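Below is the file final-v2.cif, which contains mmCIF, C-alpha atoms.
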data_coords
#
loop_
_atom_site.label_atom_id
_atom_site.label_comp_id
_atom_site.auth_asym_id
_atom_site.auth_seq_id
_atom_site.Cartn_x
_atom_site.Cartn_y
_atom_site.Cartn_z
CA MET A 12 -17.27 61.22 89.51
CA LYS A 13 -15.52 63.78 87.35
CA ILE A 14 -16.32 66.71 85.13
CA TRP A 15 -17.20 65.59 81.65
CA ARG A 16 -14.45 66.77 79.37
CA HIS A 17 -15.71 66.96 75.80
CA CYS A 18 -13.87 64.55 73.53
CA ARG A 19 -14.72 63.88 69.91
CA SER A 20 -15.26 60.18 70.54
CA ALA A 21 -18.14 60.91 72.89
CA THR A 22 -20.24 62.24 70.03
CA HIS A 23 -20.07 58.85 68.31
CA LEU A 24 -20.60 56.55 71.27
CA ASP A 25 -24.16 57.61 71.88
CA THR A 26 -26.78 58.51 69.31
CA GLY A 27 -28.80 60.53 71.83
CA PHE A 28 -26.92 63.79 71.36
CA PRO A 29 -28.85 66.88 70.28
CA ASN A 30 -27.28 69.54 68.09
CA LEU A 31 -23.74 69.75 69.49
CA ALA A 32 -23.64 73.53 69.19
CA SER A 33 -26.49 73.78 71.71
CA TYR A 34 -25.21 71.15 74.14
CA ASP A 35 -23.77 72.16 77.50
CA PHE A 36 -20.38 70.46 77.51
CA LYS A 37 -19.19 72.44 80.53
CA ALA A 38 -21.78 71.15 83.00
CA PRO A 39 -20.54 68.50 85.48
CA ARG A 40 -22.13 65.11 84.84
CA LEU A 41 -23.15 62.68 87.58
CA PHE A 42 -24.49 59.11 87.64
CA LEU A 43 -27.32 58.43 90.11
CA ASP A 44 -29.00 55.12 90.91
CA ASP A 45 -32.34 56.78 91.66
CA ALA A 46 -35.30 57.05 89.29
CA LEU A 47 -35.27 60.39 87.46
CA ALA A 48 -38.37 62.38 86.51
CA ILE A 49 -39.51 65.98 86.39
CA GLY A 50 -39.78 67.42 89.90
CA THR A 51 -37.96 64.52 91.57
CA ARG A 52 -35.70 65.58 94.44
CA ILE A 53 -32.82 63.29 95.35
CA ALA A 54 -30.82 63.56 98.55
CA LEU A 55 -27.08 63.32 97.95
CA ASP A 56 -25.01 60.75 99.79
CA ARG A 57 -21.84 61.95 101.50
CA ALA A 58 -19.51 61.13 98.61
CA ARG A 59 -21.57 62.93 95.99
CA ALA A 60 -22.26 65.88 98.28
CA ASN A 61 -18.52 66.23 98.93
CA TYR A 62 -17.80 66.02 95.20
CA LEU A 63 -20.30 68.72 94.24
CA LEU A 64 -19.86 71.04 97.22
CA ASN A 65 -16.16 70.76 98.01
CA VAL A 66 -14.43 69.43 94.89
CA LEU A 67 -16.43 71.33 92.26
CA ARG A 68 -17.37 74.09 94.75
CA LEU A 69 -20.92 74.38 93.47
CA GLY A 70 -23.28 76.53 95.50
CA GLU A 71 -27.01 76.90 95.96
CA GLY A 72 -28.75 76.74 92.58
CA GLY A 73 -25.78 75.25 90.76
CA GLU A 74 -26.74 73.00 87.88
CA ILE A 75 -25.38 69.65 86.70
CA LEU A 76 -26.38 66.90 84.29
CA ALA A 77 -27.64 63.68 85.88
CA PHE A 78 -28.34 60.23 84.41
CA ASN A 79 -29.05 56.73 85.69
CA GLY A 80 -28.80 54.55 82.59
CA ARG A 81 -32.59 54.16 82.42
CA ASP A 82 -34.38 57.52 82.33
CA GLY A 83 -32.26 59.63 80.00
CA GLU A 84 -30.21 62.67 80.96
CA TRP A 85 -31.57 65.47 83.16
CA ARG A 86 -30.60 68.98 84.09
CA ALA A 87 -30.60 69.06 87.87
CA ARG A 88 -30.44 71.99 90.30
CA LEU A 89 -28.49 71.80 93.55
CA SER A 90 -29.91 72.72 96.94
CA VAL A 91 -27.34 73.06 99.73
CA ASP A 92 -28.00 71.99 103.31
CA GLY A 93 -24.83 72.89 105.18
CA ARG A 94 -21.28 72.07 104.12
CA LYS A 95 -21.72 68.31 103.84
CA SER A 96 -25.20 67.65 102.49
CA GLY A 97 -27.58 68.70 99.79
CA SER A 98 -30.07 67.49 97.20
CA LEU A 99 -30.70 67.63 93.48
CA LEU A 100 -33.99 68.65 91.84
CA MET A 101 -34.67 67.29 88.36
CA ILE A 102 -35.85 70.26 86.30
CA LYS A 103 -35.67 69.19 82.64
CA GLN A 104 -34.85 66.15 80.56
CA VAL A 105 -32.20 67.10 78.01
CA ARG A 106 -31.77 63.71 76.31
CA PRO A 107 -34.08 60.69 76.14
CA GLN A 108 -32.73 57.26 77.05
CA THR A 109 -30.97 55.27 74.33
CA GLN A 110 -30.57 51.52 74.00
CA PRO A 111 -27.29 49.83 74.99
CA PRO A 112 -24.91 49.49 72.04
CA PRO A 113 -25.12 46.01 70.46
CA LEU A 114 -21.43 45.37 71.10
CA VAL A 115 -20.04 42.85 73.59
CA TYR A 116 -16.43 43.18 74.65
CA MET A 117 -15.00 39.78 75.69
CA PHE A 118 -11.59 39.68 77.33
CA ALA A 119 -9.26 37.60 79.46
CA PRO A 120 -8.94 39.24 82.91
CA LEU A 121 -5.89 41.36 83.66
CA LYS A 122 -4.33 42.72 86.84
CA HIS A 123 -6.20 45.60 88.48
CA ALA A 124 -4.57 48.73 87.05
CA ARG A 125 -4.61 47.51 83.45
CA LEU A 126 -8.09 46.05 83.82
CA ASP A 127 -9.33 49.44 85.07
CA TYR A 128 -7.89 51.12 81.99
CA MET A 129 -9.25 48.50 79.63
CA ALA A 130 -12.77 48.63 81.11
CA GLN A 131 -12.86 52.42 80.83
CA LYS A 132 -11.63 52.45 77.24
CA ALA A 133 -14.04 49.70 76.17
CA VAL A 134 -16.94 51.74 77.52
CA GLU A 135 -15.69 54.90 75.81
CA MET A 136 -15.38 52.95 72.55
CA GLY A 137 -19.01 51.83 72.69
CA ALA A 138 -19.16 48.45 74.42
CA GLY A 139 -22.65 47.61 75.68
CA ARG A 140 -21.52 44.64 77.79
CA LEU A 141 -18.22 43.66 79.39
CA GLN A 142 -17.72 39.89 79.51
CA PRO A 143 -14.55 38.50 81.12
CA VAL A 144 -13.58 35.03 79.86
CA VAL A 145 -11.17 32.58 81.45
CA THR A 146 -8.77 30.92 79.03
CA ARG A 147 -6.06 28.34 79.62
CA ARG A 148 -3.37 31.01 79.74
CA THR A 149 -5.31 33.57 81.77
CA GLN A 150 -3.07 34.86 84.53
CA THR A 151 -5.75 36.41 86.74
CA SER A 152 -9.15 34.72 87.03
CA ARG A 153 -10.90 36.80 89.69
CA ILE A 154 -12.83 39.90 88.66
CA ASN A 155 -13.98 42.54 91.11
CA LEU A 156 -17.33 43.30 89.50
CA GLU A 157 -18.00 46.28 91.76
CA ARG A 158 -14.70 47.86 90.75
CA MET A 159 -15.29 47.13 87.06
CA ARG A 160 -18.76 48.69 87.25
CA ALA A 161 -17.30 51.75 89.00
CA ASN A 162 -14.83 52.16 86.13
CA ALA A 163 -17.65 51.78 83.60
CA ILE A 164 -19.67 54.47 85.38
CA GLU A 165 -16.71 56.84 85.51
CA ALA A 166 -16.13 56.43 81.77
CA ALA A 167 -19.82 57.00 81.07
CA GLU A 168 -19.82 60.15 83.23
CA GLN A 169 -16.81 61.61 81.46
CA CYS A 170 -17.84 60.86 77.88
CA GLY A 171 -21.55 61.60 77.78
CA ILE A 172 -22.70 57.98 77.57
CA LEU A 173 -26.30 57.38 78.67
CA THR A 174 -26.28 53.61 79.20
CA ILE A 175 -24.11 51.84 81.75
CA PRO A 176 -22.72 48.67 80.15
CA GLU A 177 -23.65 45.38 81.76
CA THR A 178 -20.71 43.96 83.70
CA SER A 179 -20.90 40.18 83.77
CA GLY A 180 -19.03 37.68 85.93
CA GLU A 181 -16.25 35.69 84.34
CA LEU A 182 -17.06 32.58 82.29
CA PRO A 183 -14.85 29.84 80.86
CA LEU A 184 -14.24 30.57 77.18
CA GLU A 185 -16.32 27.61 76.01
CA LYS A 186 -19.35 28.67 78.07
CA ALA A 187 -18.99 32.30 76.96
CA LEU A 188 -19.12 31.18 73.33
CA VAL A 189 -22.18 29.02 73.95
CA ALA A 190 -23.93 31.99 75.62
CA LEU A 191 -23.22 34.25 72.64
CA PRO A 192 -26.28 34.41 70.34
CA SER A 193 -25.72 32.78 66.97
CA GLU A 194 -26.65 36.00 65.15
CA THR A 195 -23.82 37.86 66.88
CA THR A 196 -20.72 38.22 64.74
CA LEU A 197 -17.65 37.38 66.81
CA VAL A 198 -14.51 39.30 65.86
CA PHE A 199 -11.70 37.04 67.06
CA CYS A 200 -8.42 38.91 67.43
CA ASP A 201 -5.79 36.23 66.95
CA GLU A 202 -2.08 36.88 67.38
CA ASP A 203 -1.43 33.79 65.25
CA ALA A 204 -3.50 35.01 62.30
CA PRO A 205 -1.67 35.91 59.08
CA VAL A 206 -0.92 39.65 58.93
CA VAL A 207 -3.41 40.71 56.29
CA ASP A 208 -5.77 43.65 55.94
CA PRO A 209 -8.24 43.49 58.88
CA VAL A 210 -10.39 46.20 57.30
CA ALA A 211 -11.13 43.98 54.31
CA ALA A 212 -12.16 41.12 56.60
CA LEU A 213 -14.47 43.37 58.63
CA GLN A 214 -16.08 44.90 55.54
CA ALA A 215 -17.64 41.50 54.85
CA VAL A 216 -19.44 41.46 58.21
CA SER A 217 -23.23 41.55 57.95
CA PRO A 218 -25.12 44.25 59.89
CA GLY A 219 -26.15 43.15 63.36
CA PRO A 220 -24.83 42.64 66.90
CA LEU A 221 -21.09 42.31 67.36
CA ALA A 222 -18.68 40.84 69.89
CA VAL A 223 -14.93 41.46 70.08
CA LEU A 224 -12.66 38.92 71.79
CA ILE A 225 -9.18 39.73 73.12
CA GLY A 226 -7.17 36.91 74.67
CA PRO A 227 -4.62 36.79 77.51
CA GLU A 228 -1.03 37.99 77.33
CA GLY A 229 0.12 34.45 76.46
CA GLY A 230 -2.38 34.14 73.64
CA PHE A 231 -4.83 31.34 72.87
CA ASP A 232 -3.71 27.72 72.79
CA GLU A 233 -4.40 25.53 69.75
CA THR A 234 -7.46 23.86 71.29
CA GLU A 235 -9.07 27.24 72.01
CA ARG A 236 -8.15 28.56 68.58
CA ALA A 237 -9.76 25.54 66.91
CA MET A 238 -12.90 25.97 69.00
CA LEU A 239 -13.16 29.64 68.05
CA LEU A 240 -12.61 29.01 64.35
CA ALA A 241 -15.25 26.26 64.41
CA ARG A 242 -17.92 28.74 65.53
CA SER A 243 -20.06 29.98 62.68
CA ASN A 244 -20.36 33.75 62.20
CA THR A 245 -16.79 34.33 63.39
CA VAL A 246 -14.27 36.67 61.76
CA ARG A 247 -10.59 36.16 62.55
CA ILE A 248 -8.36 39.22 62.27
CA SER A 249 -4.78 40.20 62.95
CA LEU A 250 -3.88 43.42 64.75
CA GLY A 251 -0.67 43.89 62.81
CA PRO A 252 2.95 42.73 62.89
CA ARG A 253 3.73 43.96 66.41
CA ILE A 254 2.99 42.30 69.73
CA LEU A 255 0.39 44.37 71.61
CA ARG A 256 -0.41 44.28 75.29
CA ALA A 257 -3.96 43.16 75.94
CA ASP A 258 -5.17 46.63 76.98
CA THR A 259 -3.61 48.19 73.86
CA ALA A 260 -5.13 45.46 71.69
CA ALA A 261 -8.55 46.28 73.16
CA VAL A 262 -8.42 49.89 71.96
CA ALA A 263 -7.00 48.91 68.56
CA ALA A 264 -9.61 46.20 67.94
CA LEU A 265 -12.59 48.23 69.11
CA ALA A 266 -11.51 51.19 66.99
CA LEU A 267 -11.24 48.96 63.91
CA VAL A 268 -14.61 47.33 64.51
CA GLN A 269 -16.46 50.56 65.22
CA ALA A 270 -14.94 52.32 62.22
CA VAL A 271 -15.58 49.55 59.70
CA CYS A 272 -18.78 47.83 60.82
CA GLY A 273 -19.90 49.55 64.02
CA ASP A 274 -21.50 52.87 64.92
CA TRP A 275 -18.69 55.17 63.76
CA ARG A 276 -19.83 54.91 60.15
#
Serialized structure, structure tokens:
Amino acid sequence: MKIWRHCRSATHLDTGFPNLASYDFKAPRLFLDDALAIGTRIALDRARANYLLNVLRLGEGGEILAFNGRDGEWRARLSVDGRKSGSLLMIKQVRPQTQPPPLVYMFAPLKHARLDYMAQKAVEMGAGRLQPVVTRRTQTSRINLERMRANAIEAAEQCGILTIPETSGELPLEKALVALPSETTLVFCDEDAPVVDPVAALQAVSPGPLAVLIGPEGGFDETERAMLLARSNTVRISLGPRILRADTAAVAALALVQAVCGDWR
């Protein structure tokens, strides 16, 4: 739970923004699980009360922006009940709910600190679902879904995103490919691909849902590569002549996809 710092990328991740000149970028932004509607009053749990009252030092009548991923974004007014408790009253909807972005980010699990970073950046870059996949060279196969969801929520709070991406449990690569709808274009980032222009390859992608796949640090083996290339509606791209860490590759690939055939256009 942090103050939303306005960054240019936030304006592109979500199409629910009103005129930016009239938007309140300074208001703290908070995710709530509760249903949100005009006149709804929500009691704050201890963590959120401490954040608003003691970290942000908001007082009686202070206002924040609240969202739950389902009911849009609301201006909420704080009522204080002592030093450790309070409630929020929903007073006005400022943005209607938007649909999750049609972009799946598929990745081989990483160790905690780098996975935290990667999950946050994928959400900021517009991923609508986070799907860990287990490959033959995956070094870490256990995903803490609660922690990954917490990172997704934090990124959404900071960057003005209205929908919380779905965080799915890990799947073997083969099963993850079978579960991917045939109409979804899979952008397969392959360290063994010839170093050619990835923009040209992505410009040929038909409009529709997208998925981006980043492999483990050791790369894909030949059996996995053959399986991926055998899937129809798959585009294989290189991320350049340098070796990238998986979390760096995530940002590079998502930026390319969003700029060429995603929602940055």
What separation in Å, quoted to one decimal, exists between CA of Phe42 in chain A and CA of Pro112 in chain A?
18.3 Å
Can you list what the PyMOL selection byres ((chain A and resi 272) around 8) grabs from this structure, as an MDAnalysis selection string?
chainID A and resid 213:214 216 218 268:271 273:276
Would you save the residues from that selection as a short mmCIF file (atom, residue, chain, number, x, y, z; two decimals), keeping the file's coordinate frame, using C-alpha atoms?
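Full text of result-v5.cif as output:
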data_model
loop_
_atom_site.label_atom_id
_atom_site.label_comp_id
_atom_site.auth_asym_id
_atom_site.auth_seq_id
_atom_site.Cartn_x
_atom_site.Cartn_y
_atom_site.Cartn_z
CA LEU A 213 -14.47 43.37 58.63
CA GLN A 214 -16.08 44.90 55.54
CA VAL A 216 -19.44 41.46 58.21
CA PRO A 218 -25.12 44.25 59.89
CA VAL A 268 -14.61 47.33 64.51
CA GLN A 269 -16.46 50.56 65.22
CA ALA A 270 -14.94 52.32 62.22
CA VAL A 271 -15.58 49.55 59.70
CA GLY A 273 -19.90 49.55 64.02
CA ASP A 274 -21.50 52.87 64.92
CA TRP A 275 -18.69 55.17 63.76
CA ARG A 276 -19.83 54.91 60.15
#
Take the PyMOL selection byres ((chain A and resi 50) around 6), apply it to the structure above, and return the hits as a ChimeraX atom specification.
/A:49,51,101
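With all atoms listed in the file as the atoms that count, the minimum distance from Val115 in chain A to the choices A:Gly229, A:Pro192, A:Gly93, A:Pro183 is reached by A:Pro192.
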Using the chain letters and numbers from this file, what does the PyMOL selection byres ((chain A and resi 54) around 7) select? Give the answer as a PyMOL selection string.
chain A and resi 52-53+55-56+97-99
Taking only residues of range 149-185 of chain A that have an atom at most 10 Å from an atom of range 68-82 of chain A, what is each one's shortest atom pair and its distance in Å to one decimal, using all atoms listed in the file, in chain and number order, as CSV?
residue,atom,partner,partner_atom,distance
A:Ile164,CA,A:Gly80,CA,9.5
A:Ala167,CA,A:Gly80,CA,9.4
A:Glu168,CA,A:Phe78,CA,8.6
A:Gly171,CA,A:Phe78,CA,9.6
A:Ile172,CA,A:Gly80,CA,8.6
A:Leu173,CA,A:Gly80,CA,5.4
A:Thr174,CA,A:Gly80,CA,4.3
A:Ile175,CA,A:Gly80,CA,5.5
A:Pro176,CA,A:Gly80,CA,8.8
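The nearest approach to Thr146 in chain A among the residues A:Val198, A:Ile102, A:Ala48, A:Leu184, with all atoms listed in the file taken into account, belongs to A:Leu184.
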Which value, in Å to one decimal, gives the distance between CA of Val262 in chain A and CA of Tyr62 in chain A?
29.8 Å
Taking every listed atom of range 247-264 of chain A and adding 3 Å to each side, what centre and edge lengths in Å (one decimal) does the axis-aligned box have, as lines of an AutoDock Vina configuration file?
center_x = -3.4
center_y = 43.0
center_z = 69.6
size_x = 20.3
size_y = 19.7
size_z = 20.7
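Pairwise distance (CA of Ala211 in chain A, CA of Arg140 in chain A) equals 25.7 Å.
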For range 201-235 of chain A, supply N, CA and C atoms and format the output as a PDB file, in the frame of the given file.
ATOM      1  N   ASP A 201      -6.682  37.378  66.774  1.00  0.00           N
ATOM      2  CA  ASP A 201      -5.790  36.230  66.950  1.00  0.00           C
ATOM      3  C   ASP A 201      -4.360  36.632  66.608  1.00  0.00           C
ATOM      4  N   GLU A 202      -3.482  36.516  67.604  1.00  0.00           N
ATOM      5  CA  GLU A 202      -2.080  36.880  67.380  1.00  0.00           C
ATOM      6  C   GLU A 202      -1.405  35.920  66.403  1.00  0.00           C
ATOM      7  N   ASP A 203      -2.011  34.766  66.145  1.00  0.00           N
ATOM      8  CA  ASP A 203      -1.430  33.790  65.250  1.00  0.00           C
ATOM      9  C   ASP A 203      -2.001  33.890  63.822  1.00  0.00           C
ATOM     10  N   ALA A 204      -2.917  34.850  63.622  1.00  0.00           N
ATOM     11  CA  ALA A 204      -3.500  35.010  62.300  1.00  0.00           C
ATOM     12  C   ALA A 204      -2.482  35.619  61.334  1.00  0.00           C
ATOM     13  N   PRO A 205      -2.562  35.279  60.057  1.00  0.00           N
ATOM     14  CA  PRO A 205      -1.670  35.910  59.080  1.00  0.00           C
ATOM     15  C   PRO A 205      -1.878  37.433  59.100  1.00  0.00           C
ATOM     16  N   VAL A 206      -0.817  38.196  58.919  1.00  0.00           N
ATOM     17  CA  VAL A 206      -0.920  39.650  58.930  1.00  0.00           C
ATOM     18  C   VAL A 206      -1.437  40.100  57.568  1.00  0.00           C
ATOM     19  N   VAL A 207      -2.753  40.227  57.502  1.00  0.00           N
ATOM     20  CA  VAL A 207      -3.410  40.710  56.290  1.00  0.00           C
ATOM     21  C   VAL A 207      -4.295  41.879  56.678  1.00  0.00           C
ATOM     22  N   ASP A 208      -4.963  42.449  55.710  1.00  0.00           N
ATOM     23  CA  ASP A 208      -5.770  43.650  55.940  1.00  0.00           C
ATOM     24  C   ASP A 208      -6.999  43.328  56.793  1.00  0.00           C
ATOM     25  N   PRO A 209      -7.060  43.773  58.053  1.00  0.00           N
ATOM     26  CA  PRO A 209      -8.240  43.490  58.880  1.00  0.00           C
ATOM     27  C   PRO A 209      -9.468  44.265  58.414  1.00  0.00           C
ATOM     28  N   VAL A 210      -9.256  45.413  57.786  1.00  0.00           N
ATOM     29  CA  VAL A 210     -10.390  46.200  57.300  1.00  0.00           C
ATOM     30  C   VAL A 210     -11.164  45.416  56.252  1.00  0.00           C
ATOM     31  N   ALA A 211     -10.464  44.766  55.347  1.00  0.00           N
ATOM     32  CA  ALA A 211     -11.130  43.980  54.310  1.00  0.00           C
ATOM     33  C   ALA A 211     -11.955  42.862  54.915  1.00  0.00           C
ATOM     34  N   ALA A 212     -11.424  42.206  55.944  1.00  0.00           N
ATOM     35  CA  ALA A 212     -12.160  41.120  56.600  1.00  0.00           C
ATOM     36  C   ALA A 212     -13.419  41.646  57.271  1.00  0.00           C
ATOM     37  N   LEU A 213     -13.316  42.814  57.909  1.00  0.00           N
ATOM     38  CA  LEU A 213     -14.470  43.370  58.630  1.00  0.00           C
ATOM     39  C   LEU A 213     -15.512  43.932  57.674  1.00  0.00           C
ATOM     40  N   GLN A 214     -15.112  44.352  56.501  1.00  0.00           N
ATOM     41  CA  GLN A 214     -16.080  44.900  55.540  1.00  0.00           C
ATOM     42  C   GLN A 214     -17.078  43.848  55.077  1.00  0.00           C
ATOM     43  N   ALA A 215     -16.738  42.576  55.257  1.00  0.00           N
ATOM     44  CA  ALA A 215     -17.640  41.500  54.850  1.00  0.00           C
ATOM     45  C   ALA A 215     -18.651  41.144  55.943  1.00  0.00           C
ATOM     46  N   VAL A 216     -18.545  41.770  57.095  1.00  0.00           N
ATOM     47  CA  VAL A 216     -19.440  41.460  58.210  1.00  0.00           C
ATOM     48  C   VAL A 216     -20.838  41.991  57.927  1.00  0.00           C
ATOM     49  N   SER A 217     -21.839  41.146  58.150  1.00  0.00           N
ATOM     50  CA  SER A 217     -23.230  41.550  57.950  1.00  0.00           C
ATOM     51  C   SER A 217     -23.682  42.461  59.083  1.00  0.00           C
ATOM     52  N   PRO A 218     -24.604  43.385  58.819  1.00  0.00           N
ATOM     53  CA  PRO A 218     -25.120  44.250  59.890  1.00  0.00           C
ATOM     54  C   PRO A 218     -25.746  43.419  60.996  1.00  0.00           C
ATOM     55  N   GLY A 219     -25.584  43.867  62.228  1.00  0.00           N
ATOM     56  CA  GLY A 219     -26.150  43.150  63.360  1.00  0.00           C
ATOM     57  C   GLY A 219     -25.264  43.258  64.575  1.00  0.00           C
ATOM     58  N   PRO A 220     -25.616  42.563  65.664  1.00  0.00           N
ATOM     59  CA  PRO A 220     -24.830  42.640  66.900  1.00  0.00           C
ATOM     60  C   PRO A 220     -23.424  42.089  66.713  1.00  0.00           C
ATOM     61  N   LEU A 221     -22.500  42.664  67.476  1.00  0.00           N
ATOM     62  CA  LEU A 221     -21.090  42.310  67.360  1.00  0.00           C
ATOM     63  C   LEU A 221     -20.508  41.939  68.723  1.00  0.00           C
ATOM     64  N   ALA A 222     -19.482  41.118  68.699  1.00  0.00           N
ATOM     65  CA  ALA A 222     -18.680  40.840  69.890  1.00  0.00           C
ATOM     66  C   ALA A 222     -17.218  40.865  69.468  1.00  0.00           C
ATOM     67  N   VAL A 223     -16.377  41.405  70.329  1.00  0.00           N
ATOM     68  CA  VAL A 223     -14.930  41.460  70.080  1.00  0.00           C
ATOM     69  C   VAL A 223     -14.248  40.670  71.185  1.00  0.00           C
ATOM     70  N   LEU A 224     -13.356  39.772  70.818  1.00  0.00           N
ATOM     71  CA  LEU A 224     -12.660  38.920  71.790  1.00  0.00           C
ATOM     72  C   LEU A 224     -11.167  39.202  71.751  1.00  0.00           C
ATOM     73  N   ILE A 225     -10.625  39.548  72.925  1.00  0.00           N
ATOM     74  CA  ILE A 225      -9.180  39.730  73.120  1.00  0.00           C
ATOM     75  C   ILE A 225      -8.713  38.688  74.132  1.00  0.00           C
ATOM     76  N   GLY A 226      -7.650  37.974  73.805  1.00  0.00           N
ATOM     77  CA  GLY A 226      -7.170  36.910  74.670  1.00  0.00           C
ATOM     78  C   GLY A 226      -6.191  37.393  75.729  1.00  0.00           C
ATOM     79  N   PRO A 227      -5.576  36.453  76.451  1.00  0.00           N
ATOM     80  CA  PRO A 227      -4.620  36.790  77.510  1.00  0.00           C
ATOM     81  C   PRO A 227      -3.261  37.167  76.921  1.00  0.00           C
ATOM     82  N   GLU A 228      -2.368  37.608  77.786  1.00  0.00           N
ATOM     83  CA  GLU A 228      -1.030  37.990  77.330  1.00  0.00           C
ATOM     84  C   GLU A 228      -0.322  36.843  76.625  1.00  0.00           C
ATOM     85  N   GLY A 229      -0.552  35.604  77.077  1.00  0.00           N
ATOM     86  CA  GLY A 229       0.120  34.450  76.460  1.00  0.00           C
ATOM     87  C   GLY A 229      -0.563  33.944  75.213  1.00  0.00           C
ATOM     88  N   GLY A 230      -1.672  34.557  74.841  1.00  0.00           N
ATOM     89  CA  GLY A 230      -2.380  34.140  73.640  1.00  0.00           C
ATOM     90  C   GLY A 230      -3.265  32.924  73.873  1.00  0.00           C
ATOM     91  N   PHE A 231      -3.969  32.523  72.826  1.00  0.00           N
ATOM     92  CA  PHE A 231      -4.830  31.340  72.870  1.00  0.00           C
ATOM     93  C   PHE A 231      -4.001  30.099  72.576  1.00  0.00           C
ATOM     94  N   ASP A 232      -4.389  28.953  73.173  1.00  0.00           N
ATOM     95  CA  ASP A 232      -3.710  27.720  72.790  1.00  0.00           C
ATOM     96  C   ASP A 232      -4.436  27.124  71.571  1.00  0.00           C
ATOM     97  N   GLU A 233      -3.874  26.062  71.011  1.00  0.00           N
ATOM     98  CA  GLU A 233      -4.400  25.530  69.750  1.00  0.00           C
ATOM     99  C   GLU A 233      -5.811  24.969  69.902  1.00  0.00           C
ATOM    100  N   THR A 234      -6.112  24.391  71.069  1.00  0.00           N
ATOM    101  CA  THR A 234      -7.460  23.860  71.290  1.00  0.00           C
ATOM    102  C   THR A 234      -8.487  24.988  71.287  1.00  0.00           C
ATOM    103  N   GLU A 235      -8.166  26.086  71.970  1.00  0.00           N
ATOM    104  CA  GLU A 235      -9.070  27.240  72.010  1.00  0.00           C
ATOM    105  C   GLU A 235      -9.212  27.862  70.620  1.00  0.00           C
TER     106      GLU A 235
END
